[in-house]
Amino acid sequence: IFLILKFPPRSFWNLMGLAYLLGGTLGNGIDRMSKGYVLDFLQLVPINFPIFNVADISINIAIICLTIDIISSKDRTGNSFGK
């Protein structure tokens, strides 16, 4: 929340990444504070894959969105730092 207030999102992908990251973090944090553990309930049975939850999916979507933002801002400015 501090990062969103201190540094307003620069683009659509940056905003989406921060929103998904905040949502996933809050979801896992609420589970951790209320139950003492994070409840993972989605399991892909046919393949050997870790059990996960919706908050974990949101955090992974955030990583994808922020990566797209870095790549697209690099294309616009010639580097990834906006100089």
# chains A, B, ... in the order shown; residues from 1 in each chain; ligands from 1
>>> residues_around(residues="Gly24 in chain A", least_positions_apart="3", cutoff="8 Å", atoms="only C-alpha atoms", output="PyMOL selection string")
chain A and resi 20-21+27-28+54-59
>>> write_last_selection(atoms="all heavy atoms", output="PDB file, in the first residue's frame")
ATOM      1  N   TYR A  20      -2.591  -7.057  -8.200  1.00  0.00           N
ATOM      2  CA  TYR A  20      -2.564  -8.502  -7.971  1.00  0.00           C
ATOM      3  C   TYR A  20      -1.613  -8.863  -6.829  1.00  0.00           C
ATOM      4  O   TYR A  20      -1.910  -9.748  -6.020  1.00  0.00           O
ATOM      5  CB  TYR A  20      -2.143  -9.254  -9.238  1.00  0.00           C
ATOM      6  CG  TYR A  20      -3.276  -9.530 -10.186  1.00  0.00           C
ATOM      7  CD1 TYR A  20      -3.391  -8.849 -11.389  1.00  0.00           C
ATOM      8  CD2 TYR A  20      -4.239 -10.491  -9.894  1.00  0.00           C
ATOM      9  CE1 TYR A  20      -4.426  -9.104 -12.264  1.00  0.00           C
ATOM     10  CE2 TYR A  20      -5.275 -10.755 -10.760  1.00  0.00           C
ATOM     11  CZ  TYR A  20      -5.363 -10.068 -11.944  1.00  0.00           C
ATOM     12  OH  TYR A  20      -6.396 -10.332 -12.802  1.00  0.00           O
ATOM     13  N   LEU A  21      -0.481  -8.181  -6.752  1.00  0.00           N
ATOM     14  CA  LEU A  21       0.469  -8.455  -5.678  1.00  0.00           C
ATOM     15  C   LEU A  21      -0.139  -8.113  -4.316  1.00  0.00           C
ATOM     16  O   LEU A  21      -0.033  -8.894  -3.369  1.00  0.00           O
ATOM     17  CB  LEU A  21       1.760  -7.671  -5.903  1.00  0.00           C
ATOM     18  CG  LEU A  21       2.889  -7.930  -4.921  1.00  0.00           C
ATOM     19  CD1 LEU A  21       3.336  -9.381  -4.994  1.00  0.00           C
ATOM     20  CD2 LEU A  21       4.048  -7.003  -5.215  1.00  0.00           C
ATOM     21  N   GLY A  27      -4.382 -11.780   0.898  1.00  0.00           N
ATOM     22  CA  GLY A  27      -5.064 -13.067   1.045  1.00  0.00           C
ATOM     23  C   GLY A  27      -4.264 -14.049   1.870  1.00  0.00           C
ATOM     24  O   GLY A  27      -4.776 -14.685   2.799  1.00  0.00           O
ATOM     25  N   ASN A  28      -2.987 -14.204   1.535  1.00  0.00           N
ATOM     26  CA  ASN A  28      -2.128 -15.103   2.316  1.00  0.00           C
ATOM     27  C   ASN A  28      -1.914 -14.566   3.732  1.00  0.00           C
ATOM     28  O   ASN A  28      -1.856 -15.335   4.693  1.00  0.00           O
ATOM     29  CB  ASN A  28      -0.790 -15.313   1.621  1.00  0.00           C
ATOM     30  CG  ASN A  28      -0.869 -16.337   0.508  1.00  0.00           C
ATOM     31  OD1 ASN A  28      -1.770 -17.167   0.465  1.00  0.00           O
ATOM     32  ND2 ASN A  28       0.081 -16.285  -0.405  1.00  0.00           N
ATOM     33  N   VAL A  54      -5.699 -19.414  -4.493  1.00  0.00           N
ATOM     34  CA  VAL A  54      -5.963 -18.283  -5.378  1.00  0.00           C
ATOM     35  C   VAL A  54      -4.987 -17.135  -5.124  1.00  0.00           C
ATOM     36  O   VAL A  54      -4.554 -16.453  -6.056  1.00  0.00           O
ATOM     37  CB  VAL A  54      -7.436 -17.810  -5.218  1.00  0.00           C
ATOM     38  CG1 VAL A  54      -7.709 -16.580  -6.055  1.00  0.00           C
ATOM     39  CG2 VAL A  54      -8.388 -18.930  -5.605  1.00  0.00           C
ATOM     40  N   ALA A  55      -4.605 -16.905  -3.884  1.00  0.00           N
ATOM     41  CA  ALA A  55      -3.647 -15.845  -3.566  1.00  0.00           C
ATOM     42  C   ALA A  55      -2.297 -16.120  -4.227  1.00  0.00           C
ATOM     43  O   ALA A  55      -1.643 -15.198  -4.719  1.00  0.00           O
ATOM     44  CB  ALA A  55      -3.489 -15.708  -2.059  1.00  0.00           C
ATOM     45  N   ASP A  56      -1.883 -17.385  -4.255  1.00  0.00           N
ATOM     46  CA  ASP A  56      -0.626 -17.741  -4.927  1.00  0.00           C
ATOM     47  C   ASP A  56      -0.715 -17.453  -6.428  1.00  0.00           C
ATOM     48  O   ASP A  56       0.246 -16.976  -7.031  1.00  0.00           O
ATOM     49  CB  ASP A  56      -0.297 -19.216  -4.708  1.00  0.00           C
ATOM     50  CG  ASP A  56      -0.054 -19.567  -3.251  1.00  0.00           C
ATOM     51  OD1 ASP A  56       0.303 -18.664  -2.471  1.00  0.00           O
ATOM     52  OD2 ASP A  56      -0.230 -20.744  -2.904  1.00  0.00           O
ATOM     53  N   ILE A  57      -1.871 -17.733  -7.025  1.00  0.00           N
ATOM     54  CA  ILE A  57      -2.076 -17.441  -8.443  1.00  0.00           C
ATOM     55  C   ILE A  57      -1.967 -15.937  -8.678  1.00  0.00           C
ATOM     56  O   ILE A  57      -1.335 -15.488  -9.638  1.00  0.00           O
ATOM     57  CB  ILE A  57      -3.439 -17.972  -8.914  1.00  0.00           C
ATOM     58  CG1 ILE A  57      -3.479 -19.496  -8.835  1.00  0.00           C
ATOM     59  CG2 ILE A  57      -3.752 -17.513 -10.332  1.00  0.00           C
ATOM     60  CD1 ILE A  57      -4.858 -20.090  -9.037  1.00  0.00           C
ATOM     61  N   SER A  58      -2.563 -15.135  -7.793  1.00  0.00           N
ATOM     62  CA  SER A  58      -2.508 -13.675  -7.928  1.00  0.00           C
ATOM     63  C   SER A  58      -1.077 -13.158  -7.868  1.00  0.00           C
ATOM     64  O   SER A  58      -0.701 -12.261  -8.636  1.00  0.00           O
ATOM     65  CB  SER A  58      -3.328 -13.011  -6.823  1.00  0.00           C
ATOM     66  OG  SER A  58      -4.686 -13.301  -6.973  1.00  0.00           O
ATOM     67  N   ILE A  59      -0.275 -13.708  -6.982  1.00  0.00           N
ATOM     68  CA  ILE A  59       1.120 -13.282  -6.869  1.00  0.00           C
ATOM     69  C   ILE A  59       1.888 -13.624  -8.146  1.00  0.00           C
ATOM     70  O   ILE A  59       2.684 -12.820  -8.641  1.00  0.00           O
ATOM     71  CB  ILE A  59       1.765 -13.895  -5.616  1.00  0.00           C
ATOM     72  CG1 ILE A  59       1.127 -13.299  -4.356  1.00  0.00           C
ATOM     73  CG2 ILE A  59       3.282 -13.674  -5.614  1.00  0.00           C
ATOM     74  CD1 ILE A  59       1.487 -14.000  -3.070  1.00  0.00           C
TER      75      ILE A  59
END
>>> residues_around(residues="Phe41 in chain A", least_positions_apart="4", cutoff="8 Å", atoms="only C-alpha atoms", output="CSV table (one decimal) with C-alpha atoms, in the first residue's frame")
chain,number,residue,atom,x,y,z
A,51,ILE,CA,-0.7,-27.5,-4.1
A,52,PHE,CA,-1.6,-23.8,-4.2
A,53,ASN,CA,-4.4,-21.3,-3.6
>>> select_by_dssp(residues="range 2-47 of chain A", states="helix (DSSP H, G or I)", output="ChimeraX atom specification")
/A:2-6,12-35
>>> atom_distance(atom1="CA of Asp69 in chain A", atom2="CA of Pro50 in chain A")
27.6 Å
>>> closest_residue(among="A:Ala19, A:Ala62, A:Met33, A:Leu44", to="Ile4 in chain A", atoms="only C-alpha atoms")
A:Ala19
>>> residues_around(residues="Leu15 in chain A", least_positions_apart="5", cutoff="12 Å", atoms="only C-alpha atoms", output="PyMOL selection string")
chain A and resi 1+3-5+7-10+20-22+62-63+65-66+68-69
>>> decode(residues="range 29-40 of chain A", atoms="all heavy atoms", output="PDB file, in the first residue's frame")
ATOM      1  N   GLY A  29      -1.805 -13.247   3.874  1.00  0.00           N
ATOM      2  CA  GLY A  29      -1.601 -12.656   5.202  1.00  0.00           C
ATOM      3  C   GLY A  29      -2.790 -12.850   6.114  1.00  0.00           C
ATOM      4  O   GLY A  29      -2.630 -13.139   7.304  1.00  0.00           O
ATOM      5  N   ILE A  30      -3.992 -12.704   5.565  1.00  0.00           N
ATOM      6  CA  ILE A  30      -5.204 -12.915   6.372  1.00  0.00           C
ATOM      7  C   ILE A  30      -5.278 -14.360   6.834  1.00  0.00           C
ATOM      8  O   ILE A  30      -5.588 -14.634   8.006  1.00  0.00           O
ATOM      9  CB  ILE A  30      -6.460 -12.513   5.574  1.00  0.00           C
ATOM     10  CG1 ILE A  30      -6.503 -10.997   5.412  1.00  0.00           C
ATOM     11  CG2 ILE A  30      -7.730 -13.031   6.238  1.00  0.00           C
ATOM     12  CD1 ILE A  30      -7.549 -10.501   4.429  1.00  0.00           C
ATOM     13  N   ASP A  31      -4.996 -15.309   5.926  1.00  0.00           N
ATOM     14  CA  ASP A  31      -4.964 -16.723   6.324  1.00  0.00           C
ATOM     15  C   ASP A  31      -3.940 -16.953   7.426  1.00  0.00           C
ATOM     16  O   ASP A  31      -4.207 -17.638   8.412  1.00  0.00           O
ATOM     17  CB  ASP A  31      -4.606 -17.619   5.133  1.00  0.00           C
ATOM     18  CG  ASP A  31      -5.819 -18.144   4.400  1.00  0.00           C
ATOM     19  OD1 ASP A  31      -6.950 -17.817   4.811  1.00  0.00           O
ATOM     20  OD2 ASP A  31      -5.640 -18.895   3.424  1.00  0.00           O
ATOM     21  N   ARG A  32      -2.757 -16.390   7.258  1.00  0.00           N
ATOM     22  CA  ARG A  32      -1.673 -16.609   8.221  1.00  0.00           C
ATOM     23  C   ARG A  32      -2.040 -16.045   9.588  1.00  0.00           C
ATOM     24  O   ARG A  32      -1.783 -16.667  10.614  1.00  0.00           O
ATOM     25  CB  ARG A  32      -0.397 -15.952   7.687  1.00  0.00           C
ATOM     26  CG  ARG A  32       0.802 -16.052   8.563  1.00  0.00           C
ATOM     27  CD  ARG A  32       1.424 -17.402   8.623  1.00  0.00           C
ATOM     28  NE  ARG A  32       1.888 -17.849   7.322  1.00  0.00           N
ATOM     29  CZ  ARG A  32       2.325 -19.065   7.094  1.00  0.00           C
ATOM     30  NH1 ARG A  32       2.366 -19.946   8.070  1.00  0.00           N
ATOM     31  NH2 ARG A  32       2.723 -19.426   5.912  1.00  0.00           N
ATOM     32  N   MET A  33      -2.648 -14.858   9.622  1.00  0.00           N
ATOM     33  CA  MET A  33      -2.993 -14.245  10.907  1.00  0.00           C
ATOM     34  C   MET A  33      -4.195 -14.922  11.566  1.00  0.00           C
ATOM     35  O   MET A  33      -4.230 -15.066  12.787  1.00  0.00           O
ATOM     36  CB  MET A  33      -3.259 -12.755  10.730  1.00  0.00           C
ATOM     37  CG  MET A  33      -2.004 -11.967  10.450  1.00  0.00           C
ATOM     38  SD  MET A  33      -2.164 -10.176  10.525  1.00  0.00           S
ATOM     39  CE  MET A  33      -3.612  -9.821   9.608  1.00  0.00           C
ATOM     40  N   SER A  34      -5.185 -15.323  10.772  1.00  0.00           N
ATOM     41  CA  SER A  34      -6.394 -15.883  11.375  1.00  0.00           C
ATOM     42  C   SER A  34      -6.260 -17.368  11.716  1.00  0.00           C
ATOM     43  O   SER A  34      -6.812 -17.818  12.714  1.00  0.00           O
ATOM     44  CB  SER A  34      -7.603 -15.661  10.464  1.00  0.00           C
ATOM     45  OG  SER A  34      -7.458 -16.391   9.262  1.00  0.00           O
ATOM     46  N   LYS A  35      -5.540 -18.125  10.898  1.00  0.00           N
ATOM     47  CA  LYS A  35      -5.443 -19.570  11.112  1.00  0.00           C
ATOM     48  C   LYS A  35      -4.068 -20.025  11.596  1.00  0.00           C
ATOM     49  O   LYS A  35      -3.925 -21.135  12.080  1.00  0.00           O
ATOM     50  CB  LYS A  35      -5.760 -20.306   9.810  1.00  0.00           C
ATOM     51  CG  LYS A  35      -7.147 -20.068   9.308  1.00  0.00           C
ATOM     52  CD  LYS A  35      -7.361 -20.770   7.986  1.00  0.00           C
ATOM     53  CE  LYS A  35      -8.775 -20.491   7.533  1.00  0.00           C
ATOM     54  NZ  LYS A  35      -8.887 -20.293   6.122  1.00  0.00           N
ATOM     55  N   GLY A  36      -3.071 -19.181  11.378  1.00  0.00           N
ATOM     56  CA  GLY A  36      -1.709 -19.572  11.729  1.00  0.00           C
ATOM     57  C   GLY A  36      -0.992 -20.282  10.601  1.00  0.00           C
ATOM     58  O   GLY A  36       0.178 -20.608  10.704  1.00  0.00           O
ATOM     59  N   TYR A  37      -1.686 -20.506   9.495  1.00  0.00           N
ATOM     60  CA  TYR A  37      -1.105 -21.143   8.310  1.00  0.00           C
ATOM     61  C   TYR A  37      -1.917 -20.688   7.093  1.00  0.00           C
ATOM     62  O   TYR A  37      -3.011 -20.154   7.221  1.00  0.00           O
ATOM     63  CB  TYR A  37      -1.140 -22.672   8.423  1.00  0.00           C
ATOM     64  CG  TYR A  37      -2.524 -23.252   8.589  1.00  0.00           C
ATOM     65  CD1 TYR A  37      -3.284 -23.646   7.505  1.00  0.00           C
ATOM     66  CD2 TYR A  37      -3.078 -23.384   9.865  1.00  0.00           C
ATOM     67  CE1 TYR A  37      -4.562 -24.159   7.664  1.00  0.00           C
ATOM     68  CE2 TYR A  37      -4.351 -23.901  10.034  1.00  0.00           C
ATOM     69  CZ  TYR A  37      -5.091 -24.293   8.918  1.00  0.00           C
ATOM     70  OH  TYR A  37      -6.349 -24.797   9.087  1.00  0.00           O
ATOM     71  N   VAL A  38      -1.350 -20.922   5.917  1.00  0.00           N
ATOM     72  CA  VAL A  38      -2.037 -20.570   4.679  1.00  0.00           C
ATOM     73  C   VAL A  38      -2.703 -21.825   4.135  1.00  0.00           C
ATOM     74  O   VAL A  38      -2.057 -22.860   3.973  1.00  0.00           O
ATOM     75  CB  VAL A  38      -1.046 -19.979   3.647  1.00  0.00           C
ATOM     76  CG1 VAL A  38      -1.736 -19.724   2.321  1.00  0.00           C
ATOM     77  CG2 VAL A  38      -0.432 -18.702   4.174  1.00  0.00           C
ATOM     78  N   LEU A  39      -3.990 -21.730   3.880  1.00  0.00           N
ATOM     79  CA  LEU A  39      -4.758 -22.870   3.386  1.00  0.00           C
ATOM     80  C   LEU A  39      -4.568 -23.000   1.873  1.00  0.00           C
ATOM     81  O   LEU A  39      -4.986 -22.129   1.113  1.00  0.00           O
ATOM     82  CB  LEU A  39      -6.238 -22.692   3.718  1.00  0.00           C
ATOM     83  CG  LEU A  39      -7.180 -23.784   3.246  1.00  0.00           C
ATOM     84  CD1 LEU A  39      -6.825 -25.111   3.917  1.00  0.00           C
ATOM     85  CD2 LEU A  39      -8.615 -23.412   3.545  1.00  0.00           C
ATOM     86  N   ASP A  40      -3.900 -24.056   1.440  1.00  0.00           N
ATOM     87  CA  ASP A  40      -3.741 -24.366   0.024  1.00  0.00           C
ATOM     88  C   ASP A  40      -4.750 -25.449  -0.323  1.00  0.00           C
ATOM     89  O   ASP A  40      -4.823 -26.477   0.335  1.00  0.00           O
ATOM     90  CB  ASP A  40      -2.322 -24.851  -0.268  1.00  0.00           C
ATOM     91  CG  ASP A  40      -1.288 -23.745  -0.115  1.00  0.00           C
ATOM     92  OD1 ASP A  40      -1.650 -22.577  -0.323  1.00  0.00           O
ATOM     93  OD2 ASP A  40      -0.135 -24.050   0.202  1.00  0.00           O
TER      94      ASP A  40
END
